[in-house]
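Content type CSV, C-alpha atoms and all ligand atoms, from the file work_5.csv:
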```
chain,number,residue,atom,x,y,z
A,1333,MET,CA,-14.2,13.2,3.0
A,1334,GLN,CA,-11.0,15.2,3.0
A,1335,LYS,CA,-8.2,14.5,0.5
A,1336,SER,CA,-5.7,11.9,1.6
A,1337,ALA,CA,-2.6,13.4,3.1
A,1338,LEU,CA,0.8,12.3,4.5
A,1339,VAL,CA,3.1,14.1,6.8
A,1340,ARG,CA,6.7,13.2,7.8
A,1341,ALA,CA,8.6,14.4,10.9
A,1342,LEU,CA,11.9,13.8,12.7
A,1343,THR,CA,12.7,14.2,16.4
A,1344,ARG,CA,15.0,17.1,16.8
A,1345,ASP,CA,17.8,14.9,18.2
A,1346,GLY,CA,17.6,12.6,15.1
A,1347,SER,CA,16.5,9.6,17.1
A,1348,ALA,CA,13.3,8.8,15.3
A,1349,MET,CA,11.4,9.4,12.1
A,1350,ILE,CA,7.7,9.2,11.6
A,1351,VAL,CA,5.3,9.2,8.6
A,1352,ALA,CA,1.6,9.6,9.4
A,1353,ALA,CA,-1.2,9.3,6.9
A,1354,ASP,CA,-4.9,9.8,6.5
A,1355,THR,CA,-5.8,7.5,3.6
A,1356,SER,CA,-9.6,7.5,3.9
A,1357,GLN,CA,-10.1,8.8,0.3
A,1358,ILE,CA,-7.5,6.4,-1.2
A,1359,VAL,CA,-9.2,3.4,0.5
A,1360,GLN,CA,-12.7,4.6,-0.6
A,1361,THR,CA,-11.4,4.9,-4.2
A,1362,ALA,CA,-10.0,1.3,-4.0
A,1363,HIS,CA,-13.3,0.1,-2.7
A,1364,GLU,CA,-15.2,1.7,-5.6
A,1365,ILE,CA,-12.7,0.5,-8.3
A,1366,HIS,CA,-12.5,-3.1,-7.1
A,1367,ASN,CA,-16.0,-3.5,-5.5
A,1368,LEU,CA,-14.3,-4.7,-2.3
A,1369,SER,CA,-16.1,-6.8,0.3
A,1370,LYS,CA,-16.1,-5.5,3.9
A,1371,THR,CA,-13.1,-7.5,5.0
A,1372,MET,CA,-11.2,-6.7,1.8
A,1373,THR,CA,-11.8,-3.0,2.1
A,1374,ALA,CA,-9.9,-3.3,5.4
A,1375,ALA,CA,-7.3,-5.7,4.1
A,1376,LEU,CA,-6.4,-3.8,0.8
A,1377,GLY,CA,-7.0,-0.5,2.7
A,1378,ARG,CA,-4.3,-1.4,5.3
A,1379,ALA,CA,-1.9,-2.6,2.6
A,1380,LEU,CA,-2.4,0.6,0.5
A,1381,THR,CA,-1.8,2.7,3.6
A,1382,ALA,CA,1.4,0.9,4.4
A,1383,ALA,CA,2.7,1.1,0.8
A,1384,SER,CA,1.9,4.8,0.6
A,1385,MET,CA,3.9,5.5,3.7
A,1386,MET,CA,6.8,3.3,2.6
A,1387,GLY,CA,6.8,5.1,-0.8
A,1388,SER,CA,7.2,8.4,0.9
A,1389,LEU,CA,10.5,7.1,2.3
A,1390,LEU,CA,12.0,6.8,-1.2
A,1391,LYS,CA,14.6,9.4,-2.0
A,1392,GLU,CA,14.0,10.3,-5.7
A,1393,GLU,CA,11.4,10.8,-8.3
A,1394,LYS,CA,10.6,7.8,-10.5
A,1395,GLN,CA,11.5,5.4,-7.7
A,1396,SER,CA,8.7,3.1,-6.6
A,1397,VAL,CA,8.0,0.5,-4.0
A,1398,THR,CA,5.8,-2.6,-4.4
A,1399,LEU,CA,4.4,-4.4,-1.3
A,1400,ARG,CA,3.1,-7.8,-2.0
A,1401,PHE,CA,1.5,-10.4,0.3
A,1402,CYS,CA,1.4,-13.9,-1.1
A,1403,GLY,CA,-0.8,-15.5,1.7
A,1404,ASP,CA,-2.7,-18.7,1.4
A,1405,GLY,CA,-6.0,-17.1,2.6
A,1406,PRO,CA,-9.1,-16.5,0.5
A,1407,ALA,CA,-7.9,-13.0,-0.4
A,1408,GLY,CA,-5.2,-14.5,-2.7
A,1409,THR,CA,-2.2,-12.2,-3.5
A,1410,ILE,CA,-2.5,-8.6,-2.4
A,1411,CYS,CA,-0.3,-6.2,-4.3
A,1412,CYS,CA,0.2,-2.4,-3.8
A,1413,VAL,CA,2.6,0.0,-5.6
A,1414,SER,CA,3.5,3.4,-4.4
A,1415,ASP,CA,5.5,6.2,-6.1
A,1416,TRP,CA,8.0,8.3,-4.2
A,1417,ARG,CA,5.4,10.8,-3.1
A,1418,GLY,CA,3.1,8.2,-1.6
A,1419,ASN,CA,0.5,8.1,-4.5
A,1420,VAL,CA,-0.6,4.5,-4.5
A,1421,ARG,CA,-2.5,1.8,-6.3
A,1422,GLY,CA,-3.3,-1.8,-5.5
A,1423,TYR,CA,-5.4,-4.9,-6.1
A,1424,ALA,CA,-6.3,-8.3,-4.5
A,1425,ASP,CA,-6.8,-11.5,-6.4
A,1426,HIS,CA,-10.2,-11.9,-4.7
A,1427,PRO,CA,-11.7,-8.6,-3.9
A,1428,GLU,CA,-15.0,-10.3,-3.0
A,1429,ALA,CA,-13.5,-12.5,-0.2
A,1430,GLU,CA,-15.5,-12.3,3.0
A,1431,LEU,CA,-15.1,-14.0,6.4
A,1432,PRO,CA,-17.1,-13.9,9.6
A,1433,PRO,CA,-15.7,-11.6,12.3
A,1434,ASN,CA,-12.7,-12.9,14.2
A,1435,ALA,CA,-12.7,-13.9,17.9
A,1436,LYS,CA,-12.4,-10.3,18.9
A,1437,GLY,CA,-15.5,-9.4,16.8
A,1438,LYS,CA,-13.2,-7.5,14.3
A,1439,LEU,CA,-12.9,-7.8,10.5
A,1440,ASP,CA,-10.8,-10.9,10.0
A,1441,VAL,CA,-8.0,-9.5,7.8
A,1442,GLY,CA,-5.5,-12.0,9.2
A,1443,GLY,CA,-7.8,-14.9,8.1
A,1444,ALA,CA,-8.4,-13.4,4.7
A,1445,VAL,CA,-4.6,-12.9,4.0
A,1446,GLY,CA,-3.4,-16.2,5.6
A,1447,ARG,CA,0.2,-17.2,5.8
A,1448,GLY,CA,3.1,-17.3,3.3
A,1449,PRO,CA,5.8,-14.9,2.1
A,1450,MET,CA,5.6,-11.2,1.7
A,1451,HIS,CA,7.9,-9.2,-0.6
A,1452,VAL,CA,9.0,-5.6,-0.7
A,1453,LEU,CA,10.4,-4.5,-4.1
A,1454,ARG,CA,12.1,-1.1,-4.4
A,1455,ASP,CA,12.6,0.0,-7.9
A,1456,LEU,CA,15.4,2.6,-7.5
A,1457,GLY,CA,15.9,3.1,-11.2
A,1458,GLN,CA,18.8,0.7,-11.4
A,1459,GLU,CA,18.9,-2.4,-13.6
A,1460,LEU,CA,17.5,-4.7,-10.9
A,1461,PRO,CA,15.1,-3.7,-8.1
A,1462,TYR,CA,16.0,-4.2,-4.4
A,1463,VAL,CA,13.9,-7.2,-3.1
A,1464,GLY,CA,13.3,-8.0,0.5
A,1465,VAL,CA,11.4,-11.0,1.7
A,1466,ALA,CA,9.9,-12.0,5.1
A,1467,SER,CA,7.1,-14.3,6.3
A,1468,ILE,CA,3.6,-13.1,6.9
A,1469,VAL,CA,3.4,-13.4,10.8
A,1470,SER,CA,-0.3,-12.7,11.3
A,1471,GLY,CA,-1.8,-11.4,8.1
A,1472,GLU,CA,-3.0,-8.3,9.9
A,1473,ILE,CA,-0.6,-6.2,7.7
A,1474,ALA,CA,0.7,-3.7,10.3
A,1475,GLU,CA,2.3,-6.5,12.3
A,1476,ASP,CA,3.7,-8.0,9.1
A,1477,VAL,CA,5.2,-4.7,8.0
A,1478,THR,CA,6.8,-4.2,11.5
A,1479,ASN,CA,8.2,-7.7,11.4
A,1480,TYR,CA,9.5,-7.2,7.8
A,1481,PHE,CA,11.5,-4.1,8.8
A,1482,ALA,CA,13.0,-5.8,11.9
A,1483,SER,CA,13.8,-9.2,10.2
A,1484,SER,CA,14.7,-8.2,6.7
A,1485,GLU,CA,16.1,-4.7,6.9
A,1486,GLN,CA,17.2,-4.6,10.6
A,1487,THR,CA,15.4,-1.3,11.1
A,1488,PRO,CA,13.5,-1.1,14.4
A,1489,THR,CA,10.0,0.0,13.2
A,1490,VAL,CA,6.5,0.3,14.6
A,1491,CYS,CA,3.7,0.3,12.0
A,1492,ALA,CA,0.1,0.9,12.9
A,1493,LEU,CA,-2.7,0.8,10.4
A,1494,GLY,CA,-6.5,1.1,10.6
A,1495,VAL,CA,-9.5,1.0,8.4
A,1496,LEU,CA,-13.1,1.5,9.6
A,1497,VAL,CA,-15.7,0.3,7.2
A,1498,TYR,CA,-19.4,1.3,7.1
A,1499,PRO,CA,-22.1,-1.4,7.1
A,1500,ASP,CA,-22.5,-0.8,3.3
A,1501,PHE,CA,-18.7,-1.6,2.9
A,1502,ASN,CA,-17.7,2.0,2.1
A,1503,CYS,CA,-14.7,3.3,3.9
A,1504,ARG,CA,-15.4,5.4,6.9
A,1505,ALA,CA,-11.9,6.2,8.0
A,1506,ALA,CA,-8.4,4.9,7.2
A,1507,GLY,CA,-4.9,5.9,8.2
A,1508,GLY,CA,-1.7,4.8,9.9
A,1509,PHE,CA,1.7,5.7,11.1
A,1510,LEU,CA,5.2,4.3,10.6
A,1511,VAL,CA,7.9,5.1,13.2
A,1512,GLN,CA,11.5,4.2,12.6
A,1513,LEU,CA,14.4,4.5,15.0
A,1514,LEU,CA,17.5,5.8,13.4
A,1515,PRO,CA,21.0,4.5,14.3
A,1516,PHE,CA,22.2,5.6,17.8
A,1517,ALA,CA,18.7,6.5,18.9
A,1518,ASP,CA,18.5,7.9,22.4
A,1519,PRO,CA,17.0,5.2,24.7
A,1520,GLN,CA,15.0,7.9,26.6
A,1521,VAL,CA,13.4,9.0,23.3
A,1522,THR,CA,12.6,5.4,22.4
A,1523,GLU,CA,11.0,4.8,25.8
A,1524,GLN,CA,8.9,7.9,25.5
A,1525,ILE,CA,7.7,6.9,22.0
A,1526,GLU,CA,6.9,3.4,23.2
A,1527,LYS,CA,4.9,4.9,26.1
A,1528,ASN,CA,3.0,7.2,23.8
A,1529,ILE,CA,2.2,4.4,21.3
A,1530,GLY,CA,1.1,2.1,24.1
A,1531,ALA,CA,-1.6,4.7,25.1
A,1532,ILE,CA,-3.1,4.8,21.5
A,1533,GLU,CA,-6.2,2.7,21.3
A,1534,SER,CA,-6.7,2.7,17.5
A,1535,VAL,CA,-5.4,4.7,14.6
A,1536,SER,CA,-8.6,4.4,12.6
A,1537,ARG,CA,-10.5,5.9,15.5
A,1538,MET,CA,-8.0,8.8,15.6
A,1539,VAL,CA,-8.7,9.5,11.9
A,1540,ASP,CA,-12.5,9.0,12.4
A,1541,SER,CA,-12.5,11.5,15.2
A,1542,GLY,CA,-11.1,14.1,12.8
A,1543,MET,CA,-7.4,14.0,13.7
A,1544,ARG,CA,-5.2,14.9,10.7
A,1545,PRO,CA,-1.7,13.3,10.2
A,1546,GLU,CA,0.0,16.2,12.0
A,1547,ASP,CA,-2.3,15.5,15.1
A,1548,ILE,CA,-1.3,11.8,15.0
A,1549,ILE,CA,2.4,12.8,15.0
A,1550,ARG,CA,1.8,15.1,17.9
A,1551,THR,CA,0.3,12.2,19.8
A,1552,VAL,CA,3.1,9.7,18.9
A,1553,PHE,CA,5.9,12.3,19.6
A,1554,GLU,CA,4.2,13.8,22.7
A,1555,GLY,CA,6.8,15.2,25.1
A,1556,LEU,CA,9.5,15.3,22.4
A,1557,GLU,CA,10.8,18.1,20.3
A,1558,TYR,CA,10.4,17.4,16.6
A,1559,ASP,CA,10.3,19.1,13.2
A,1560,VAL,CA,7.8,18.5,10.4
A,1561,LEU,CA,9.8,17.6,7.3
A,1562,ASP,CA,7.0,17.8,4.7
A,1563,THR,CA,3.3,17.5,4.1
A,1564,ALA,CA,1.9,16.0,0.9
A,1565,GLU,CA,-1.5,15.4,-0.6
A,1566,VAL,CA,-1.7,11.8,-1.8
A,1567,ALA,CA,-4.2,9.9,-3.9
A,1568,TYR,CA,-5.1,6.6,-5.6
A,1569,VAL,CA,-3.2,7.0,-8.8
A,1570,CYS,CA,-2.7,4.5,-11.7
A,1571,PRO,CA,-0.2,5.6,-14.3
A,1572,CYS,CA,-1.3,3.0,-16.9
A,1573,SER,CA,-1.7,4.1,-20.5
A,1574,ARG,CA,-2.5,2.7,-23.9
A,1575,GLU,CA,1.2,3.0,-24.9
A,1576,ARG,CA,2.2,0.9,-21.9
A,1577,TYR,CA,-0.2,-1.9,-22.9
A,1578,ALA,CA,0.9,-1.7,-26.5
A,1579,ARG,CA,4.5,-2.3,-25.3
A,1580,ALA,CA,3.2,-5.2,-23.2
A,1581,LEU,CA,1.6,-6.7,-26.3
A,1582,ILE,CA,4.8,-6.2,-28.3
A,1583,SER,CA,6.7,-8.0,-25.5
A,1584,LEU,CA,4.5,-11.1,-26.1
A,1585,GLY,CA,6.4,-11.7,-29.3
A,1586,ARG,CA,5.4,-12.1,-33.0
A,1587,LYS,CA,4.3,-15.7,-32.7
A,1588,GLU,CA,1.8,-15.0,-29.9
A,1589,LEU,CA,0.5,-11.9,-31.7
A,1590,SER,CA,0.0,-13.9,-34.9
A,1591,ARG,CA,-2.0,-16.4,-32.9
A,1592,LEU,CA,-4.2,-13.5,-31.5
A,1593,ILE,CA,-4.6,-12.1,-35.1
A,1594,ASP,CA,-5.6,-15.6,-36.3
A,1595,GLU,CA,-8.4,-15.7,-33.6
A,1596,GLY,CA,-9.9,-12.8,-35.5
A,1597,GLU,CA,-11.1,-10.8,-32.5
A,1598,PRO,CA,-9.9,-7.4,-31.1
A,1599,VAL,CA,-7.5,-7.8,-28.2
A,1600,GLU,CA,-8.9,-6.5,-24.9
A,1601,THR,CA,-6.5,-5.8,-22.0
A,1602,CYS,CA,-7.7,-4.7,-18.5
A,1603,CYS,CA,-5.5,-3.0,-15.9
A,1604,SER,CA,-5.6,-4.9,-12.6
A,1605,PHE,CA,-5.0,-1.7,-10.6
A,1606,CYS,CA,-7.6,0.6,-12.0
A,1607,GLY,CA,-9.9,-1.6,-14.1
A,1608,LYS,CA,-9.4,0.5,-17.2
A,1609,LYS,CA,-9.8,-1.4,-20.5
A,1610,TYR,CA,-7.7,-0.9,-23.6
A,1611,VAL,CA,-9.0,-2.5,-26.8
A,1612,PHE,CA,-6.6,-3.1,-29.7
A,1613,GLY,CA,-8.2,-3.7,-33.1
A,1614,LEU,CA,-6.8,-6.3,-35.5
A,1615,ASP,CA,-5.1,-3.7,-37.7
A,1616,GLU,CA,-3.4,-2.3,-34.6
A,1617,VAL,CA,-2.3,-5.7,-33.4
A,1618,ARG,CA,-0.9,-6.4,-37.0
A,1619,GLU,CA,1.1,-3.2,-36.7
A,1620,LEU,CA,2.4,-4.1,-33.3
A,1621,ALA,CA,3.5,-7.5,-34.6
A,1622,GLN,CA,5.6,-5.6,-37.2
A,1623,ASN,CA,7.5,-4.0,-34.3
A,1624,CYS,CA,8.3,-7.3,-32.6
B,1,ZN,ZN,-4.4,1.3,-14.5
```

Encoding of this model in structure tokens:
Amino acid sequence: MQKSALVRALTRDGSAMIVAADTSQIVQTAHEIHNLSKTMTAALGRALTAASMMGSLLKEEKQSVTLRFCGDGPAGTICCVSDWRGNVRGYADHPEAELPPNAKGKLDVGGAVGRGPMHVLRDLGQELPYVGVASIVSGEIAEDVTNYFASSEQTPTVCALGVLVYPDFNCRAAGGFLVQLLPFADPQVTEQIEKNIGAIESVSRMVDSGMRPEDIIRTVFEGLEYDVLDTAEVAYVCPCSRERYARALISLGRKELSRLIDEGEPVETCCSFCGKKYVFGLDEVRELAQNC
């Protein structure tokens, strides 16, 4: 499996921007970390792909975007965080959730996610993050992201996502693209893009057939002049650390830490994104309590 990659391009007339990604390796890593069911490999895989592409639209280092689906389906909450390059991490409340195939014989991601609100949080390094909210329209993720941009950010967007899963639940291919129209887009360019996208059968099949992100862009922007802005290798990355968890313990406050010390057991924390465990011995917890 090739390393995951993400490419951005812009039509030469400035009408439309595209991000395309091959996220097979990212989704496979998520599958391995969380022991995802077949349906959840597709569900979290699509969400990770969307978050990674949205992260690549951030302007500056240290900025991040969180994409969260709070549906009422068996998956529970699905949460993905991407940095500004598109390096991403995520989890679902119920990685084991499994459903029979839907009416079309496909993995029932919509059924697993259910309905409810979805949030997009952009941490731009200011005091408060920018928060956008929309309703989950189908739970199929791509449609929900498209609807989010139209309804919450008034940005005409087409999002396509796809994950193919092997019978043993490993990821076979995953990827997607995100096209956004810029203000004063030429209607002829819009029409051409719509025609090109209409002819695409499935983005996961494109990746599975060996197409790289630049090939996906060539297909979506067929007949249009465009420039590739940048190409980046992306991965499943969790920036958690022992220090971060120590700070989280301090933030619990002296009273709560005293209670933990009284219990007499080392305090074990586990990262929801990567599964890494950090154990703090009683002496360490006592020391942290001094810093509260
Ligand atoms: Zn972690």

Mind listing as a PyMOL selection string all residues within 7 Å of (-10.2, 3.2, 10.7), counting only C-alpha atoms?
chain A and resi 1494-1496+1504-1507+1535-1537+1539-1540

Each chain A residue no farther than 12 Å from ligand ZN 1 (chain B), nearest pair in Å, all atoms listed in the file, as CSV:
```
residue,atom,partner,partner_atom,distance
A:Ala1362,CA,B:ZN1,ZN,11.9
A:Ile1365,CA,B:ZN1,ZN,10.4
A:His1366,CA,B:ZN1,ZN,11.8
A:Val1413,CA,B:ZN1,ZN,11.4
A:Val1420,CA,B:ZN1,ZN,11.2
A:Arg1421,CA,B:ZN1,ZN,8.4
A:Gly1422,CA,B:ZN1,ZN,9.6
A:Tyr1423,CA,B:ZN1,ZN,10.5
A:Tyr1568,CA,B:ZN1,ZN,10.4
A:Val1569,CA,B:ZN1,ZN,8.1
A:Cys1570,CA,B:ZN1,ZN,4.6
A:Pro1571,CA,B:ZN1,ZN,6.0
A:Cys1572,CA,B:ZN1,ZN,4.3
A:Ser1573,CA,B:ZN1,ZN,7.2
A:Arg1574,CA,B:ZN1,ZN,9.7
A:Glu1575,CA,B:ZN1,ZN,11.9
A:Arg1576,CA,B:ZN1,ZN,9.9
A:Tyr1577,CA,B:ZN1,ZN,9.9
A:Thr1601,CA,B:ZN1,ZN,10.5
A:Cys1602,CA,B:ZN1,ZN,7.9
A:Cys1603,CA,B:ZN1,ZN,4.7
A:Ser1604,CA,B:ZN1,ZN,6.6
A:Phe1605,CA,B:ZN1,ZN,5.0
A:Cys1606,CA,B:ZN1,ZN,4.1
A:Gly1607,CA,B:ZN1,ZN,6.2
A:Lys1608,CA,B:ZN1,ZN,5.7
A:Lys1609,CA,B:ZN1,ZN,8.5
A:Tyr1610,CA,B:ZN1,ZN,9.9
```

Near Arg1454 in chain A, counting all atoms listed in the file, which residues have an atom at most 7 Å away, once you skip same-chain residues fewer than 2 positions from it, shown as a ChimeraX atom specification?
/A:1396-1398,1452,1456,1461-1463

With all atoms listed in the file as the basis for distance, which of A:Val1359, A:Leu1399, A:Ala1407, A:Ile1350 is at the shortest distance from Gln1512 in chain A?
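Of A:Val1359, A:Leu1399, A:Ala1407, A:Ile1350, the one nearest Gln1512 in chain A, counting all atoms listed in the file, is A:Ile1350.
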
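The shortest atom-to-atom distance to Phe1401 in chain A, with only C-alpha atoms taken into account, belongs to A:Pro1449 out of A:Gly1542, A:Pro1519, A:Pro1499, A:Pro1449.
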
Skip range 1477-1483 of chain A itself and residues of its chain fewer than 2 positions away, then list as a list in words all residues within 9 Å of it, counting only C-alpha atoms.
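Close residues of range 1477-1483 of chain A: Ala1382, Met1450, His1451, Val1452, Gly1464, Val1465, Ala1466, Ser1467, Ile1468, Val1469, Ile1473, Ala1474, Glu1475, Glu1485, Gln1486, Thr1487, Pro1488, Thr1489, Val1490, Cys1491, Ala1492 and Leu1510 of chain A.
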
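In this comparison, which uses only C-alpha atoms, the residue of A:Asp1455, A:Glu1430, A:Glu1597, A:Asp1547 approaching Trp1416 in chain A most closely is A:Asp1455.
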
In Å to one decimal, how far is CA of Ser1347 in chain A from CA of Gly1471 in chain A?
29.3 Å

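The closest residue to Pro1406 in chain A, picked from A:Ala1383, A:Val1599, A:Leu1513, A:Val1445 and counting all atoms listed in the file, is A:Val1445.
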
Counting only C-alpha atoms, which residue out of A:Glu1392, A:Leu1620, A:Leu1493, A:Ser1336 sits closest to Arg1579 in chain A?
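When distances to Arg1579 in chain A are compared using only C-alpha atoms, the smallest one comes from A:Leu1620.
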
Of the listed residues A:Val1617, A:Gly1403, A:Asn1502, A:Gly1555, that which approaches Asn1528 in chain A most closely, counting only C-alpha atoms
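Closest candidate: A:Gly1555.
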